[in-house]
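J.: Data: run_18.cif, mmCIF, C-alpha atoms.
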```cif
data_coords
#
loop_
_atom_site.group_PDB
_atom_site.id
_atom_site.type_symbol
_atom_site.label_atom_id
_atom_site.label_comp_id
_atom_site.auth_asym_id
_atom_site.auth_seq_id
_atom_site.Cartn_x
_atom_site.Cartn_y
_atom_site.Cartn_z
ATOM 1 C CA MET A 1 137.439 34.147 77.180
ATOM 2 C CA PRO A 2 139.792 31.333 78.158
ATOM 3 C CA GLY A 3 142.654 32.212 80.455
ATOM 4 C CA LYS A 4 144.482 31.099 83.523
ATOM 5 C CA PHE A 5 143.723 31.637 87.168
ATOM 6 C CA CYS A 6 145.664 30.721 90.295
ATOM 7 C CA VAL A 7 144.367 30.516 93.853
ATOM 8 C CA SER A 8 147.119 30.392 96.446
ATOM 9 C CA LEU A 9 146.178 28.800 99.742
ATOM 10 C CA THR A 10 148.522 28.677 102.741
ATOM 11 C CA CYS A 11 146.196 27.246 105.362
ATOM 12 C CA ALA A 12 144.124 24.142 105.926
ATOM 13 C CA THR A 13 142.020 23.160 108.925
ATOM 14 C CA ASP A 14 143.894 25.756 110.972
ATOM 15 C CA SER A 15 141.775 28.317 109.087
ATOM 16 C CA PRO A 16 138.743 26.517 107.698
ATOM 17 C CA ASP A 17 137.122 29.788 106.667
ATOM 18 C CA LYS A 18 139.998 30.741 104.374
ATOM 19 C CA ALA A 19 140.389 27.229 103.023
ATOM 20 C CA THR A 20 136.705 27.065 102.167
ATOM 21 C CA VAL A 21 136.565 30.435 100.445
ATOM 22 C CA ALA A 22 139.693 29.620 98.448
ATOM 23 C CA PHE A 23 137.998 26.601 96.901
ATOM 24 C CA VAL A 24 134.732 28.462 96.354
ATOM 25 C CA VAL A 25 136.623 31.057 94.312
ATOM 26 C CA ALA A 26 138.571 28.335 92.527
ATOM 27 C CA ASN A 27 135.291 26.720 91.553
ATOM 28 C CA ALA A 28 134.026 30.029 90.198
ATOM 29 C CA ALA A 29 137.182 30.274 88.091
ATOM 30 C CA VAL A 30 137.075 26.757 86.696
ATOM 31 C CA ALA A 31 133.374 27.108 85.989
ATOM 32 C CA SER A 32 134.168 30.252 84.019
ATOM 33 C CA ASP A 33 136.369 28.315 81.607
ATOM 34 C CA GLN A 34 139.610 29.424 83.203
ATOM 35 C CA GLU A 35 142.495 26.972 83.426
ATOM 36 C CA THR A 36 142.616 26.969 87.194
ATOM 37 C CA VAL A 37 145.228 25.875 89.685
ATOM 38 C CA VAL A 38 144.946 25.889 93.455
ATOM 39 C CA PHE A 39 148.468 26.157 94.794
ATOM 40 C CA LEU A 40 148.785 24.637 98.257
ATOM 41 C CA SER A 41 151.842 25.667 100.218
ATOM 42 C CA THR A 42 153.001 25.763 103.853
ATOM 43 C CA GLU A 43 150.083 24.536 106.027
ATOM 44 C CA GLY A 44 147.811 24.344 102.983
ATOM 45 C CA VAL A 45 149.492 21.158 101.790
ATOM 46 C CA ARG A 46 147.686 19.183 104.484
ATOM 47 C CA LEU A 47 144.510 19.441 102.396
ATOM 48 C CA ALA A 48 146.131 17.405 99.642
ATOM 49 C CA VAL A 49 145.859 14.270 101.755
ATOM 50 C CA ARG A 50 142.630 12.300 101.482
ATOM 51 C CA GLY A 51 140.442 12.760 104.526
ATOM 52 C CA ALA A 52 142.089 15.964 105.734
ATOM 53 C CA ALA A 53 139.157 18.113 104.691
ATOM 54 C CA ASP A 54 136.525 15.796 106.129
ATOM 55 C CA GLY A 55 134.324 17.524 108.649
ATOM 56 C CA VAL A 56 135.124 21.059 107.508
ATOM 57 C CA ALA A 57 131.779 22.701 106.813
ATOM 58 C CA GLU A 58 131.600 26.433 107.314
ATOM 59 C CA GLU A 59 128.168 27.956 107.827
ATOM 60 C CA GLY A 60 126.731 29.147 104.529
ATOM 61 C CA PHE A 61 129.177 27.133 102.428
ATOM 62 C CA SER A 62 129.283 23.673 100.970
ATOM 63 C CA PRO A 63 131.514 21.219 102.860
ATOM 64 C CA LEU A 64 135.157 21.688 101.946
ATOM 65 C CA LYS A 65 135.468 18.069 100.871
ATOM 66 C CA ASP A 66 132.675 18.573 98.322
ATOM 67 C CA LEU A 67 134.150 21.857 97.078
ATOM 68 C CA MET A 68 137.469 20.144 96.449
ATOM 69 C CA ALA A 69 135.877 17.150 94.728
ATOM 70 C CA ASN A 70 133.761 19.410 92.519
ATOM 71 C CA PHE A 71 136.827 21.438 91.612
ATOM 72 C CA ALA A 72 138.737 18.364 90.481
ATOM 73 C CA ALA A 73 135.749 16.950 88.630
ATOM 74 C CA ALA A 74 135.464 20.187 86.664
ATOM 75 C CA GLY A 75 139.082 19.919 85.555
ATOM 76 C CA GLY A 76 140.792 22.012 88.203
ATOM 77 C CA LYS A 77 144.316 21.133 89.246
ATOM 78 C CA ILE A 78 145.831 21.256 92.713
ATOM 79 C CA TYR A 79 149.549 21.941 92.861
ATOM 80 C CA VAL A 80 151.117 20.828 96.136
ATOM 81 C CA CYS A 81 154.376 22.411 97.253
ATOM 82 C CA SER A 82 156.881 19.603 97.420
ATOM 83 C CA PRO A 83 159.188 20.855 100.197
ATOM 84 C CA CYS A 84 156.204 21.938 102.307
ATOM 85 C CA PHE A 85 154.701 18.463 101.908
ATOM 86 C CA LYS A 86 157.922 16.659 102.719
ATOM 87 C CA LYS A 87 158.634 18.857 105.721
ATOM 88 C CA ARG A 88 155.367 17.723 107.266
ATOM 89 C CA LYS A 89 156.054 14.067 106.463
ATOM 90 C CA LEU A 90 152.679 13.641 104.786
ATOM 91 C CA ASP A 91 151.635 10.589 102.770
ATOM 92 C CA ASP A 92 152.227 11.113 99.067
ATOM 93 C CA THR A 93 150.393 7.882 98.253
ATOM 94 C CA ALA A 94 147.106 9.297 99.556
ATOM 95 C CA LEU A 95 146.612 12.428 97.483
ATOM 96 C CA VAL A 96 143.145 13.751 96.742
ATOM 97 C CA THR A 97 141.874 13.685 93.176
ATOM 98 C CA GLY A 98 143.393 16.444 91.086
ATOM 99 C CA ALA A 99 146.435 16.937 93.302
ATOM 100 C CA VAL A 100 149.992 16.683 92.097
ATOM 101 C CA ILE A 101 153.161 17.389 94.043
ATOM 102 C CA VAL A 102 155.227 20.017 92.265
ATOM 103 C CA GLY A 103 158.282 22.136 92.668
ATOM 104 C CA GLY A 104 158.468 25.842 92.072
ATOM 105 C CA ALA A 105 159.286 25.475 88.398
ATOM 106 C CA LYS A 106 155.899 23.957 87.660
ATOM 107 C CA LEU A 107 154.072 26.856 89.283
ATOM 108 C CA VAL A 108 156.323 29.408 87.618
ATOM 109 C CA GLU A 109 155.746 27.777 84.236
ATOM 110 C CA PHE A 110 151.985 27.929 84.741
ATOM 111 C CA MET A 111 152.013 31.573 85.772
ATOM 112 C CA SER A 112 154.847 32.905 83.632
ATOM 113 C CA THR A 113 152.767 33.655 80.560
ATOM 114 C CA GLY A 114 150.448 35.862 82.585
ATOM 115 C CA CYS A 115 148.099 34.629 85.255
ATOM 116 C CA PRO A 116 145.982 36.504 87.767
ATOM 117 C CA SER A 117 146.023 35.119 91.276
ATOM 118 C CA VAL A 118 144.320 35.524 94.606
ATOM 119 C CA SER A 119 145.773 34.432 97.913
ATOM 120 C CA TYR A 120 144.295 33.080 101.108
ATOM 121 C CA MET X 1 112.865 16.400 83.342
ATOM 122 C CA PRO X 2 111.317 19.052 81.088
ATOM 123 C CA SER X 3 109.287 18.038 78.073
ATOM 124 C CA GLU X 4 110.557 18.768 74.579
ATOM 125 C CA THR X 5 108.530 21.952 74.410
ATOM 126 C CA GLU X 6 109.699 23.395 77.703
ATOM 127 C CA GLU X 7 113.007 25.136 78.149
ATOM 128 C CA PRO X 8 115.248 23.305 80.598
ATOM 129 C CA ASP X 9 115.575 25.085 83.862
ATOM 130 C CA TRP X 10 117.257 24.994 87.229
ATOM 131 C CA ASP X 11 116.146 26.532 90.480
ATOM 132 C CA ALA X 12 119.442 27.182 92.234
ATOM 133 C CA GLY X 13 117.706 28.726 95.226
ATOM 134 C CA ALA X 14 120.094 30.715 97.403
ATOM 135 C CA MET X 15 123.200 29.011 96.014
ATOM 136 C CA GLY X 16 125.887 31.489 95.065
ATOM 137 C CA CYS X 17 129.472 32.142 94.023
ATOM 138 C CA GLY X 18 131.438 29.091 92.885
ATOM 139 C CA ASP X 19 128.695 26.594 93.676
ATOM 140 C CA LEU X 20 126.217 28.486 91.525
ATOM 141 C CA VAL X 21 128.310 28.835 88.383
ATOM 142 C CA LEU X 22 129.748 25.345 88.694
ATOM 143 C CA GLY X 23 126.238 23.929 88.900
ATOM 144 C CA LEU X 24 125.092 26.128 86.051
ATOM 145 C CA ARG X 25 127.977 24.996 83.867
ATOM 146 C CA ALA X 26 127.263 21.333 84.570
ATOM 147 C CA ARG X 27 123.636 21.738 83.543
ATOM 148 C CA LEU X 28 124.201 23.932 80.497
ATOM 149 C CA LEU X 29 127.049 22.161 78.730
ATOM 150 C CA PRO X 30 125.192 18.889 78.022
ATOM 151 C CA LEU X 31 122.464 20.818 76.195
ATOM 152 C CA ALA X 32 122.389 21.344 72.460
ATOM 153 C CA PRO X 33 123.881 24.584 71.137
ATOM 154 C CA GLY X 34 121.332 27.343 71.062
ATOM 155 C CA THR X 35 119.151 25.840 73.772
ATOM 156 C CA MET X 36 117.448 28.406 75.978
ATOM 157 C CA PHE X 37 117.928 27.696 79.676
ATOM 158 C CA ARG X 38 116.025 29.232 82.544
ATOM 159 C CA LEU X 39 117.920 29.840 85.768
ATOM 160 C CA ARG X 40 116.420 30.993 89.025
ATOM 161 C CA ALA X 41 119.024 32.236 91.498
ATOM 162 C CA THR X 42 118.124 34.336 94.505
ATOM 163 C CA ASP X 43 121.672 34.982 95.675
ATOM 164 C CA PRO X 44 122.182 38.762 95.951
ATOM 165 C CA ALA X 45 125.379 38.513 93.910
ATOM 166 C CA ALA X 46 123.654 36.843 90.967
ATOM 167 C CA PRO X 47 122.843 40.123 89.119
ATOM 168 C CA GLU X 48 126.588 40.757 88.882
ATOM 169 C CA ASP X 49 127.873 37.200 88.673
ATOM 170 C CA ILE X 50 125.624 35.710 86.010
ATOM 171 C CA PRO X 51 126.292 38.410 83.363
ATOM 172 C CA ALA X 52 130.034 38.187 84.116
ATOM 173 C CA TRP X 53 129.960 34.420 83.787
ATOM 174 C CA CYS X 54 128.151 34.653 80.468
ATOM 175 C CA ARG X 55 130.699 37.177 79.157
ATOM 176 C CA MET X 56 133.577 34.909 80.127
ATOM 177 C CA THR X 57 132.126 31.666 78.830
ATOM 178 C CA GLY X 58 130.445 32.920 75.662
ATOM 179 C CA HIS X 59 126.924 31.886 76.581
ATOM 180 C CA ALA X 60 124.366 34.570 75.791
ATOM 181 C CA LEU X 61 122.350 36.190 78.525
ATOM 182 C CA ALA X 62 119.015 36.628 76.778
ATOM 183 C CA SER X 63 117.336 38.267 79.731
ATOM 184 C CA ALA X 64 118.055 39.074 83.324
ATOM 185 C CA ASN X 65 115.187 39.848 85.634
ATOM 186 C CA HIS X 66 116.489 38.874 89.036
ATOM 187 C CA PRO X 67 116.076 36.198 90.240
ATOM 188 C CA VAL X 68 115.280 34.760 86.788
ATOM 189 C CA TYR X 69 117.900 34.566 84.051
ATOM 190 C CA ILE X 70 117.425 33.209 80.536
ATOM 191 C CA ILE X 71 120.647 31.944 79.011
ATOM 192 C CA ARG X 72 121.175 30.692 75.473
ATOM 193 C CA ARG X 73 123.776 27.971 75.334
ATOM 194 C CA LYS X 74 126.680 28.943 73.099
ATOM 195 C CA GLY X 75 127.509 27.204 69.869
ATOM 196 C CA ALA X 76 124.637 28.290 67.652
#
```
As structure tokens, what does this structure read like?

T.:
Amino acid sequence: MPGKFCVSLTCATDSPDKATVAFVVANAAVASDQETVVFLSTEGVRLAVRGAADGVAEEGFSPLKDLMANFAAAGGKIYVCSPCFKKRKLDDTALVTGAVIVGGAKLVEFMSTGCPSVSY
Amino acid sequence: MPSETEEPDWDAGAMGCGDLVLGLRARLLPLAPGTMFRLRATDPAAPEDIPAWCRMTGHALASANHPVYIIRRKGA
């Protein structure tokens, strides 16, 4: 039952609980043969930079860094909001595996043919 | 590693949600089509999650007796 799935995440280490659960759900989606995108916007874009997730380990969950690496290794994609990233003056040469900086058109294209989503 | 006469298995312990199905996928896909796989998963969500995962991915849930699930890899 292949399909698409989008997880929208608007926080990073400012809300480690939400960031962790977002990637847990994303991993469930990609493991279920869904073409899965995690869309990072506003504060969430900070997670696209290598090292940003280091040290985030919520009780009862795998470390966020591992969740993100597992997601990418399973074929998941991370879309990073371009204006949000630029606004924060983050380093676009240090993106985590699976991350790509995109504008709105890329996200709209992905979702326009029908795509369930969940937001954190 | 299991012998040729034993079904491959994985004791996932209390692992759940995305970690569980991602780990299950990684262990099941390298197997030959039709292989029977024994999963042990004590997570309380497993009775709902494992059948749903099998429906989505096309693998057959041969039996479900929580916490033990027998899954036949798709493709045969």

J.: Leaving out region 22-27 of chain X and any residue of its chain fewer than 4 positions from it, which residues lie within 9 Å of it when counting only C-alpha atoms, given as a list in words?

T.: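 The neighbour list is Asn27, Ala28, Ala29, Val30, Ala31, Ser32, Asn70, Phe71 and Ala74 of chain A; Asp9, Trp10, Ala12, Cys17, Gly18, Leu31 and Leu39 of chain X.
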
J.: Could you dump the residues just selected with C-alpha atoms as a PDB file, keeping the file's coordinate frame?

T.:
```pdb
ATOM      1  CA  ASN A  27     135.291  26.720  91.553  1.00  0.00           C
ATOM      2  CA  ALA A  28     134.026  30.029  90.198  1.00  0.00           C
ATOM      3  CA  ALA A  29     137.182  30.274  88.091  1.00  0.00           C
ATOM      4  CA  VAL A  30     137.075  26.757  86.696  1.00  0.00           C
ATOM      5  CA  ALA A  31     133.374  27.108  85.989  1.00  0.00           C
ATOM      6  CA  SER A  32     134.168  30.252  84.019  1.00  0.00           C
ATOM      7  CA  ASN A  70     133.761  19.410  92.519  1.00  0.00           C
ATOM      8  CA  PHE A  71     136.827  21.438  91.612  1.00  0.00           C
ATOM      9  CA  ALA A  74     135.464  20.187  86.664  1.00  0.00           C
TER      10      ALA A  74
ATOM     11  CA  ASP X   9     115.575  25.085  83.862  1.00  0.00           C
ATOM     12  CA  TRP X  10     117.257  24.994  87.229  1.00  0.00           C
ATOM     13  CA  ALA X  12     119.442  27.182  92.234  1.00  0.00           C
ATOM     14  CA  CYS X  17     129.472  32.142  94.023  1.00  0.00           C
ATOM     15  CA  GLY X  18     131.438  29.091  92.885  1.00  0.00           C
ATOM     16  CA  LEU X  31     122.464  20.818  76.195  1.00  0.00           C
ATOM     17  CA  LEU X  39     117.920  29.840  85.768  1.00  0.00           C
TER      18      LEU X  39
END
```

J.: Measuring atom to atom with all atoms listed in the file, identify which of A:Val49, A:Leu67, A:Val80, A:Ala57 is nearest to Thr93 (chain A).

T.: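 Residue with the minimum atom-to-atom distance to Thr93 (chain A): A:Val49.
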
J.: Which residues come within 8 Å of Cys6 (chain A), counting all atoms listed in the file, excluding same-chain residues fewer than 4 positions away, as a PyMOL selection string?

T.: chain A and resi 26+36-39+111+115-118

J.: To test your reading of the syntax: which residues would the PyMOL selection byres ((chain X and resi 75) around 7) return for the file shown? Reply as a VMD selection string.

T.: chain X and resid 33 to 34 73 to 74 76

J.: Tell me as a list in words which residues belonging to chain X come within 12 Å of chain A, counting all atoms listed in the file.

T.: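 Residues satisfying the distance criterion: Ala14, Met15, Gly16, Cys17, Gly18, Asp19, Leu20, Val21, Leu22, Gly23, Leu24, Arg25, Ala26, Arg27, Leu28, Leu29, Asp43, Asp49, Ile50, Pro51, Ala52, Trp53, Cys54, Arg55, Met56, Thr57, Gly58 and His59 of chain X.
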
J.: Run the PyMOL selection byres ((chain A and resi 99) around 8) against the file shown and list the residues it catches, as number ranges by chain.

T.: A: 48, 77-80, 95-98, 100-101

J.: So what do you get for CA of Glu6 (chain X) versus CA of Pro30 (chain X), distance-wise?

T.: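 Answer for the CA of Glu6 (chain X) to CA of Pro30 (chain X) separation: 16.1 Å.
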
J.: What's the separation between CA of Thr20 (chain A) and CA of Gly103 (chain A), in Å to one decimal place?

T.: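 So the answer is 24.1 Å.
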
J.: With the PyMOL selection byres ((chain X and resi 38) around 9) as the selection, what would be picked from this file? Answer as a list in words, please.

T.: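 So the PyMOL selection byres ((chain X and resi 38) around 9) ends up selecting Glu7, Pro8, Asp9, Trp10, Asp11, Met36, Phe37, Leu39, Arg40, Val68, Tyr69, Ile70, Ile71 and Arg72 of chain X.
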
J.: Please produce a file of the residues just selected, as an mmCIF file, in the coordinates of the input, where the atoms kept are C-alpha atoms.

T.:
```cif
data_model
loop_
_atom_site.group_PDB
_atom_site.id
_atom_site.type_symbol
_atom_site.label_atom_id
_atom_site.label_comp_id
_atom_site.auth_asym_id
_atom_site.auth_seq_id
_atom_site.Cartn_x
_atom_site.Cartn_y
_atom_site.Cartn_z
ATOM 1 C CA GLU X 7 113.007 25.136 78.149
ATOM 2 C CA PRO X 8 115.248 23.305 80.598
ATOM 3 C CA ASP X 9 115.575 25.085 83.862
ATOM 4 C CA TRP X 10 117.257 24.994 87.229
ATOM 5 C CA ASP X 11 116.146 26.532 90.480
ATOM 6 C CA MET X 36 117.448 28.406 75.978
ATOM 7 C CA PHE X 37 117.928 27.696 79.676
ATOM 8 C CA LEU X 39 117.920 29.840 85.768
ATOM 9 C CA ARG X 40 116.420 30.993 89.025
ATOM 10 C CA VAL X 68 115.280 34.760 86.788
ATOM 11 C CA TYR X 69 117.900 34.566 84.051
ATOM 12 C CA ILE X 70 117.425 33.209 80.536
ATOM 13 C CA ILE X 71 120.647 31.944 79.011
ATOM 14 C CA ARG X 72 121.175 30.692 75.473
#
```

J.: What's the separation between CA of Gly44 (chain A) and CA of Leu9 (chain A), in Å to one decimal place?

T.: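 Computing the Euclidean distance for CA of Gly44 (chain A) and CA of Leu9 (chain A) yields 5.7 Å.
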
J.: I need every residue sitting at most 6 Å from the point (146.9, 29.5, 99.7) (coordinates as in the file, only C-alpha atoms considered), written as a VMD selection string.

T.: chain A and resid 8 to 10 40 119 to 120

J.: How big is the axis-aligned box, and where does its centre sit, when it encloses all atoms of region 84-92 of chain A listed in the file and has 6 Å added on every side, reported in Å to one decimal as lines of an AutoDock Vina configuration file?

T.:
```
center_x = 155.1
center_y = 16.3
center_z = 103.2
size_x = 19.0
size_y = 23.3
size_z = 20.2
```

J.: When you count all atoms listed in the file, which of these residues is closest to Ala94 (chain A): A:Ala52, A:Cys81, A:Glu59, A:Asp17?

T.: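 Closest to Ala94 (chain A), using all atoms listed in the file: A:Ala52.
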
J.: If I only want region 17-29 of chain X, can you write it with all heavy atoms, as a PDB file, in the first residue's frame?

T.:
```pdb
ATOM      1  N   CYS X  17       6.576   1.495  18.413  1.00  0.00           N
ATOM      2  CA  CYS X  17       6.326   2.577  17.451  1.00  0.00           C
ATOM      3  C   CYS X  17       7.313   2.518  16.285  1.00  0.00           C
ATOM      4  O   CYS X  17       7.549   1.470  15.712  1.00  0.00           O
ATOM      5  CB  CYS X  17       6.343   3.931  18.166  1.00  0.00           C
ATOM      6  SG  CYS X  17       5.463   5.228  17.263  1.00  0.00           S
ATOM      7  N   GLY X  18       7.902   3.656  15.930  1.00  0.00           N
ATOM      8  CA  GLY X  18       8.761   3.708  14.755  1.00  0.00           C
ATOM      9  C   GLY X  18       9.991   2.833  14.876  1.00  0.00           C
ATOM     10  O   GLY X  18      10.425   2.223  13.896  1.00  0.00           O
ATOM     11  N   ASP X  19      10.573   2.755  16.048  1.00  0.00           N
ATOM     12  CA  ASP X  19      11.767   1.929  16.231  1.00  0.00           C
ATOM     13  C   ASP X  19      11.456   0.463  15.933  1.00  0.00           C
ATOM     14  O   ASP X  19      12.252  -0.242  15.314  1.00  0.00           O
ATOM     15  CB  ASP X  19      12.278   2.045  17.668  1.00  0.00           C
ATOM     16  CG  ASP X  19      12.951   3.382  17.936  1.00  0.00           C
ATOM     17  OD1 ASP X  19      13.246   4.092  16.968  1.00  0.00           O
ATOM     18  OD2 ASP X  19      13.175   3.693  19.123  1.00  0.00           O
ATOM     19  N   LEU X  20      10.300   0.022  16.384  1.00  0.00           N
ATOM     20  CA  LEU X  20       9.932  -1.386  16.223  1.00  0.00           C
ATOM     21  C   LEU X  20       9.750  -1.740  14.744  1.00  0.00           C
ATOM     22  O   LEU X  20      10.338  -2.710  14.258  1.00  0.00           O
ATOM     23  CB  LEU X  20       8.648  -1.682  17.005  1.00  0.00           C
ATOM     24  CG  LEU X  20       8.048  -3.071  16.810  1.00  0.00           C
ATOM     25  CD1 LEU X  20       9.030  -4.159  17.210  1.00  0.00           C
ATOM     26  CD2 LEU X  20       6.757  -3.210  17.611  1.00  0.00           C
ATOM     27  N   VAL X  21       8.947  -0.984  14.036  1.00  0.00           N
ATOM     28  CA  VAL X  21       8.679  -1.357  12.645  1.00  0.00           C
ATOM     29  C   VAL X  21       9.874  -1.080  11.732  1.00  0.00           C
ATOM     30  O   VAL X  21      10.071  -1.792  10.739  1.00  0.00           O
ATOM     31  CB  VAL X  21       7.390  -0.692  12.105  1.00  0.00           C
ATOM     32  CG1 VAL X  21       6.179  -1.273  12.795  1.00  0.00           C
ATOM     33  CG2 VAL X  21       7.434   0.820  12.243  1.00  0.00           C
ATOM     34  N   LEU X  22      10.686  -0.097  12.101  1.00  0.00           N
ATOM     35  CA  LEU X  22      11.890   0.139  11.305  1.00  0.00           C
ATOM     36  C   LEU X  22      12.870  -1.028  11.486  1.00  0.00           C
ATOM     37  O   LEU X  22      13.470  -1.509  10.515  1.00  0.00           O
ATOM     38  CB  LEU X  22      12.537   1.460  11.715  1.00  0.00           C
ATOM     39  CG  LEU X  22      13.467   2.138  10.719  1.00  0.00           C
ATOM     40  CD1 LEU X  22      12.785   2.356   9.379  1.00  0.00           C
ATOM     41  CD2 LEU X  22      13.963   3.464  11.281  1.00  0.00           C
ATOM     42  N   GLY X  23      13.004  -1.484  12.700  1.00  0.00           N
ATOM     43  CA  GLY X  23      13.864  -2.641  12.963  1.00  0.00           C
ATOM     44  C   GLY X  23      13.328  -3.907  12.339  1.00  0.00           C
ATOM     45  O   GLY X  23      14.087  -4.741  11.820  1.00  0.00           O
ATOM     46  N   LEU X  24      12.020  -4.055  12.373  1.00  0.00           N
ATOM     47  CA  LEU X  24      11.390  -5.229  11.763  1.00  0.00           C
ATOM     48  C   LEU X  24      11.614  -5.228  10.257  1.00  0.00           C
ATOM     49  O   LEU X  24      11.965  -6.257   9.666  1.00  0.00           O
ATOM     50  CB  LEU X  24       9.890  -5.215  12.088  1.00  0.00           C
ATOM     51  CG  LEU X  24       9.043  -6.336  11.498  1.00  0.00           C
ATOM     52  CD1 LEU X  24       9.557  -7.708  11.915  1.00  0.00           C
ATOM     53  CD2 LEU X  24       7.585  -6.152  11.930  1.00  0.00           C
ATOM     54  N   ARG X  25      11.421  -4.086   9.641  1.00  0.00           N
ATOM     55  CA  ARG X  25      11.622  -3.964   8.197  1.00  0.00           C
ATOM     56  C   ARG X  25      13.061  -4.328   7.817  1.00  0.00           C
ATOM     57  O   ARG X  25      13.297  -5.058   6.845  1.00  0.00           O
ATOM     58  CB  ARG X  25      11.316  -2.532   7.771  1.00  0.00           C
ATOM     59  CG  ARG X  25      11.572  -2.209   6.313  1.00  0.00           C
ATOM     60  CD  ARG X  25      11.175  -0.755   6.070  1.00  0.00           C
ATOM     61  NE  ARG X  25      11.311  -0.330   4.703  1.00  0.00           N
ATOM     62  CZ  ARG X  25      12.355   0.342   4.220  1.00  0.00           C
ATOM     63  NH1 ARG X  25      13.378   0.607   5.018  1.00  0.00           N
ATOM     64  NH2 ARG X  25      12.384   0.724   2.964  1.00  0.00           N
ATOM     65  N   ALA X  26      14.008  -3.816   8.579  1.00  0.00           N
ATOM     66  CA  ALA X  26      15.418  -4.052   8.260  1.00  0.00           C
ATOM     67  C   ALA X  26      15.775  -5.530   8.358  1.00  0.00           C
ATOM     68  O   ALA X  26      16.662  -6.011   7.633  1.00  0.00           O
ATOM     69  CB  ALA X  26      16.300  -3.233   9.201  1.00  0.00           C
ATOM     70  N   ARG X  27      15.111  -6.246   9.238  1.00  0.00           N
ATOM     71  CA  ARG X  27      15.417  -7.664   9.411  1.00  0.00           C
ATOM     72  C   ARG X  27      14.661  -8.550   8.433  1.00  0.00           C
ATOM     73  O   ARG X  27      15.127  -9.631   8.063  1.00  0.00           O
ATOM     74  CB  ARG X  27      15.116  -8.082  10.849  1.00  0.00           C
ATOM     75  CG  ARG X  27      16.121  -7.531  11.836  1.00  0.00           C
ATOM     76  CD  ARG X  27      15.639  -7.614  13.264  1.00  0.00           C
ATOM     77  NE  ARG X  27      16.682  -7.183  14.201  1.00  0.00           N
ATOM     78  CZ  ARG X  27      16.979  -5.891  14.442  1.00  0.00           C
ATOM     79  NH1 ARG X  27      16.310  -4.929  13.830  1.00  0.00           N
ATOM     80  NH2 ARG X  27      17.928  -5.585  15.283  1.00  0.00           N
ATOM     81  N   LEU X  28      13.484  -8.094   8.008  1.00  0.00           N
ATOM     82  CA  LEU X  28      12.638  -8.927   7.155  1.00  0.00           C
ATOM     83  C   LEU X  28      13.029  -8.826   5.682  1.00  0.00           C
ATOM     84  O   LEU X  28      13.048  -9.831   4.964  1.00  0.00           O
ATOM     85  CB  LEU X  28      11.177  -8.491   7.344  1.00  0.00           C
ATOM     86  CG  LEU X  28      10.097  -9.499   6.969  1.00  0.00           C
ATOM     87  CD1 LEU X  28      10.249 -10.786   7.770  1.00  0.00           C
ATOM     88  CD2 LEU X  28       8.717  -8.886   7.180  1.00  0.00           C
ATOM     89  N   LEU X  29      13.342  -7.635   5.229  1.00  0.00           N
ATOM     90  CA  LEU X  29      13.573  -7.443   3.795  1.00  0.00           C
ATOM     91  C   LEU X  29      14.738  -8.256   3.232  1.00  0.00           C
ATOM     92  O   LEU X  29      14.666  -8.692   2.077  1.00  0.00           O
ATOM     93  CB  LEU X  29      13.753  -5.953   3.481  1.00  0.00           C
ATOM     94  CG  LEU X  29      12.480  -5.108   3.588  1.00  0.00           C
ATOM     95  CD1 LEU X  29      12.742  -3.675   3.124  1.00  0.00           C
ATOM     96  CD2 LEU X  29      11.332  -5.715   2.780  1.00  0.00           C
TER      97      LEU X  29
END
```
